[in-house]
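> So that we are looking at the same thing, I have put the structure below in structure tokens.
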Amino acid sequence: MKAQKLRTRILISFDIVIVAFSVAVALLGYYVIKKDVLERAQTKVKNDLNSAREIYDQEVGRVRDVVRLTAQRFFIKEAISDNDRQTLNRELGRIREQEFLDVLTLTDSSGNVIIRSRNPSQTGDSQGDDGLVGFVMESGQSVVGTAIVAGEELAKEGADLAEQAHIKFIPTPKAKATDQTEQSAGMMIKAAGPVFGYDGKLAGVLYGGNLLNRNYSIVDKVKETVYKGEIYKGKDVGTVTIFQGDLRISTNVANSDGARAVGTRVSQEVNEQVLEKGLPWIGRAFVVNAWYKTAYEPIKDVDGDIVGILYVGILERPFNDMSRNIFFVFLVIVIAVSGLSAAIGTVLTRKISRPVERMLQATQKLSGGDLGYEVESRTGTLEFDALAASFNKMAAELRRREESLKTINEELKGLNKTYLDVVGFVSHELKGIVATTIMNAAAVQEGLFGEINAKQEQALQAVTKNLEYLRETVRKFLDLSRIEKGELAVIRKTTRLREDVFDPCVETFKAEIANRKMEVTNNIAADVTVSGDIDLLHIAANNLVGNAVKYGLDRGRVVIGCEDLGDKVQIEVYNDSRPITLEEKGRLFKKFSRLERDSGTKVKGTGLGLFVTKEIIAKHGGDIWVEPRENGNSFLFTIGKESNSAPKD
């Protein structure tokens, strides 16, 4: 993962939280607003249906009262004269027109029509069987309800009524399939009341009513009362319809051409719910050419049979637009609050990250050596204040320790110089004394000062051996002093490795080699030359060959080899011995480090030989290392053939 600044990460995290919260709030707000607005619309349309039913029932009650009161005003004889008929006809016609009825007809006690106020010429036939007249003749009581009147009966009442009732079906999407293409019967709010004779007996029945087909008084009254005729973007907000069966016979729903959508039909879903099951239907529906929140309920006749549907609907678009506008305002508020939160988050992020950035700058100063650098300890945050105080305390302590270490280091430099001077002085003085002592011991041993016995010779041999060891030790301490003082200068010249370096080394250890019965083989070719300091290379060769003899096995082999690597050569000094371990390998070239012989005993020595050798080889631009073999160890080093292959001193 790509590393980022703390401020960036905090800001991104803060923004993610804000965006996620804002989206969640926006979605929740949209859901709540949409649900609340549309549920309110659905509740309203349900209440509007109750209002429509009440207005419909008012019209039913009005027709009932007009017919009942008119019937109570008349008393008819068994035999009605022409004058009486004309008088009744004029009176019924006046009442019908005055009370805005489509039909007002008088029958005798057998149901035969005596007077049709709308069509006086059509008399003497029996009234159509719609159940109302029969009910009055049987019970002697008034009755009112919605009735389906056949086209022939309407024609008897008046040809204009039959024409008004006749409606052709208009193909309607989602309507239930039917083979019927037109309808001649009409739906009427109809009432009937008893008319008595002078003897108090039932002498006839007066019925009257209003044809609902293409009669828009009820639907327009509901629209005006409930919806106040409100228009939204060219469409009525509220619409009302009376269906005869599933056919729209009275409506203020408009077609695409603006005309009332008489002749269109209700959807199959509503048909099955209301007409077939007799249950109300409330929900979203596509009405002719727009979506509405709608409510439907069945209209029943006096026998309880479903004959039609009463519908009210509210245009859905105003509520959708309302919910969208409310949501837009809500969204603007959410975005504004989110933006404000992001701005506050940016300020807070900067405030939080600034102490951290200062602390980072302080640590960089500290790591760069500015131990006196301090940070502001008053950040306004307790944790950062404590951290800054701790950092300043640490910086002060580090500065104190640095000053103390500088003092101690200067003292150590002085002590080390004194130590090196003492080592160099003592080693130099001892070198001359030891050399003189060895010469004198050798003179005595050789009998230059008189004959010596065997015990004296043996003692002198021990003394000479110890003096040789002492001389070697002094030499190594002198080399160490030169190295640590930086006085180990390389004076390069062409050097023959075999003749100038390794043959003299083998000769130096000839006595010890013979004493341990070891076999030494020098395989370096006589013509191999390198660019190096012959004296320093001689010291390195002495240390390597000397160690091979010291740590080698009695009667073992020491093999000196050389390999040409192009611009340099690789020298190998091998001896039969115990292969060194990984742990021994790690400390092999360190100062004062000594290994054990195969027998497990420590070899007498200073532990400086390999350290000095490594420094000499490094001065020549080469490397030195050890490789354990199956039955021994090989010490290998490289040295350049040309003088420009090594670094300048």
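Residues in the structure tokens are numbered from 1 in each chain, the chains being A, B, ... in the order shown, and ligands are numbered from 1 in the order shown.
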Tell me, as an MDAnalysis selection string, which residues lie within 10 Å of A:Gly278, counting only C-alpha atoms; anything in the same chain fewer than 5 positions away does not count.
chainID A and resid 271:273 297:300 305:306 309
> So which residues touch A:Asp554 within 12 Å, counting only C-alpha atoms, skipping near sequence neighbours fewer than 2 positions away, as a list in words?
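In the requested format, the answer is Glu512, Ile513, Ala514, Asn515, Arg516, Lys517, Met518, Glu519, Val520, Ala548, Val549, Lys550, Tyr551, Gly552, Gly556, Arg557, Val558, Asn575, Asp576, Ser577, Arg597, Asp598 and Ser599 of chain A.
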> Export C-alpha atoms of the chosen residues as a PDB file, in the first residue's frame?

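Saved result, part.pdb, follows:
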ATOM      1  CA  GLU A 512      59.564 -25.848  13.665  1.00  0.00           C
ATOM      2  CA  ILE A 513      58.410 -27.587  10.462  1.00  0.00           C
ATOM      3  CA  ALA A 514      61.146 -30.185  10.849  1.00  0.00           C
ATOM      4  CA  ASN A 515      60.409 -30.556  14.554  1.00  0.00           C
ATOM      5  CA  ARG A 516      56.711 -31.373  13.830  1.00  0.00           C
ATOM      6  CA  LYS A 517      57.623 -33.490  10.796  1.00  0.00           C
ATOM      7  CA  MET A 518      55.299 -31.466   8.549  1.00  0.00           C
ATOM      8  CA  GLU A 519      55.348 -31.425   4.740  1.00  0.00           C
ATOM      9  CA  VAL A 520      55.341 -27.912   3.214  1.00  0.00           C
ATOM     10  CA  ALA A 548      49.480 -22.937   9.239  1.00  0.00           C
ATOM     11  CA  VAL A 549      52.446 -24.467  11.034  1.00  0.00           C
ATOM     12  CA  LYS A 550      51.131 -23.626  14.527  1.00  0.00           C
ATOM     13  CA  TYR A 551      47.597 -24.924  13.992  1.00  0.00           C
ATOM     14  CA  GLY A 552      48.457 -27.724  11.573  1.00  0.00           C
ATOM     15  CA  GLY A 556      50.392 -32.860   8.285  1.00  0.00           C
ATOM     16  CA  ARG A 557      50.587 -30.900   5.040  1.00  0.00           C
ATOM     17  CA  VAL A 558      50.962 -27.181   4.352  1.00  0.00           C
ATOM     18  CA  ASN A 575      47.051 -26.764   6.219  1.00  0.00           C
ATOM     19  CA  ASP A 576      45.734 -30.096   7.470  1.00  0.00           C
ATOM     20  CA  SER A 577      43.809 -29.371  10.681  1.00  0.00           C
ATOM     21  CA  ARG A 597      44.592 -26.544  18.156  1.00  0.00           C
ATOM     22  CA  ASP A 598      43.000 -29.827  17.140  1.00  0.00           C
ATOM     23  CA  SER A 599      43.967 -31.132  20.563  1.00  0.00           C
TER      24      SER A 599
END
> Using only C-alpha atoms, which of the listed residues (A:Gln244, A:Thr521, A:Thr495, A:Thr613) sits closest to A:Gly186?
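Distance minimum relative to A:Gly186 lands on A:Gln244.
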> Take atom CA of A:Lys614 and atom CA of A:Ala526 and report the distance between them in Å, one decimal.
24.7 Å
> Taking into account only C-alpha atoms, which residue in the set A:Val60, A:Leu497, A:Leu202, A:Ala541 is nearest to A:Asp527?
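Closest to A:Asp527, using only C-alpha atoms: A:Leu497.
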> Which distance in Å separates atom CA of A:Asp130 and atom CA of A:Ala165, to one decimal?
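Atom CA of A:Ala165 lies at a distance of 16.4 Å from atom CA of A:Asp130.
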> So that I can see what lies close to A:Phe135, please list as a list of chain:residue names the residues with an atom at most 12 Å from it, counting only C-alpha atoms and leaving out residues fewer than 3 positions away in the same chain.
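Counting only the stated atoms, we get A:Ser109, A:Gly111, A:Asp129, A:Asp130, A:Gly131, A:Leu132, A:Glu138, A:Ser139, A:Gly140, A:Gln141, A:Ser142, A:Val143, A:Val144, A:Gly145, A:Ala191, A:Ala192, A:Gly193, A:Pro194, A:Val205, A:Tyr207, A:Val302, A:Asp303.
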> Since we have the selection now, will you write its residues out, keeping C-alpha atoms, as a PDB file, in the first residue's frame?

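Saved to selection-v7.pdb:
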ATOM      1  CA  SER A 109    -101.500  -0.635  -8.387  1.00  0.00           C
ATOM      2  CA  GLY A 111     -97.574  -1.500 -12.219  1.00  0.00           C
ATOM      3  CA  ASP A 129     -88.833  -4.967 -13.729  1.00  0.00           C
ATOM      4  CA  ASP A 130     -86.090  -3.194 -11.747  1.00  0.00           C
ATOM      5  CA  GLY A 131     -87.441  -4.290  -8.332  1.00  0.00           C
ATOM      6  CA  LEU A 132     -88.337  -0.848  -6.963  1.00  0.00           C
ATOM      7  CA  GLU A 138     -95.665  -5.349  -1.848  1.00  0.00           C
ATOM      8  CA  SER A 139     -94.634  -3.271   1.157  1.00  0.00           C
ATOM      9  CA  GLY A 140     -96.483   0.006   0.623  1.00  0.00           C
ATOM     10  CA  GLN A 141     -93.248   1.824   1.556  1.00  0.00           C
ATOM     11  CA  SER A 142     -90.942   4.146  -0.339  1.00  0.00           C
ATOM     12  CA  VAL A 143     -87.649   2.808  -1.701  1.00  0.00           C
ATOM     13  CA  VAL A 144     -84.594   4.330  -3.399  1.00  0.00           C
ATOM     14  CA  GLY A 145     -81.415   2.972  -4.938  1.00  0.00           C
ATOM     15  CA  ALA A 191     -86.836   6.112  -6.144  1.00  0.00           C
ATOM     16  CA  ALA A 192     -90.416   4.845  -5.859  1.00  0.00           C
ATOM     17  CA  GLY A 193     -93.170   5.767  -3.444  1.00  0.00           C
ATOM     18  CA  PRO A 194     -96.747   4.602  -2.808  1.00  0.00           C
ATOM     19  CA  VAL A 205     -96.745   3.868  -7.493  1.00  0.00           C
ATOM     20  CA  TYR A 207     -91.215   6.502  -9.441  1.00  0.00           C
ATOM     21  CA  VAL A 302     -81.510  -2.352  -3.840  1.00  0.00           C
ATOM     22  CA  ASP A 303     -81.024  -6.121  -3.962  1.00  0.00           C
TER      23      ASP A 303
END
> For each of A:Glu397, A:Glu402, A:Asp385, A:Glu410, take the minimum atom-to-atom distance to A:Ile352, counting only C-alpha atoms, then give the residue where this is smallest.
A:Asp385
> Just want the 6 Å neighbourhood of A:Phe635, counted on only C-alpha atoms, with same-chain residues fewer than 5 positions away dropped. Output as number ranges by chain.
A: 572-573, 625-626
> Please produce a file of those selected residues containing N, CA and C atoms, as a CSV table (one decimal), in the first residue's frame.

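Output saved as selection-v4.csv:
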chain,number,residue,atom,x,y,z
A,572,GLU,N,46.5,-18.9,-1.8
A,572,GLU,CA,45.9,-19.8,-0.9
A,572,GLU,C,47.0,-20.5,0.0
A,573,VAL,N,46.8,-20.5,1.3
A,573,VAL,CA,47.7,-21.2,2.2
A,573,VAL,C,46.8,-22.2,2.9
A,625,TRP,N,40.0,-14.1,3.3
A,625,TRP,CA,38.9,-14.9,3.9
A,625,TRP,C,39.4,-16.3,4.2
A,626,VAL,N,38.6,-17.1,4.9
A,626,VAL,CA,38.9,-18.4,5.2
A,626,VAL,C,37.8,-19.3,4.7
> In Å, with one decimal, what is the gap from atom CA of A:Phe286 to atom CA of A:Arg40?
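Atom CA of A:Phe286 sits 18.8 Å away from atom CA of A:Arg40.
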> Just the strand (DSSP E or B) stuff from stretch 155-378 of chain A, please, per backbone DSSP, written as a ChimeraX atom specification.
/A:167-168,175,182-183,186-196,202-211,231-232,235-236,238-244,247-251,254,260,265,267,281-287,290-300,306-315
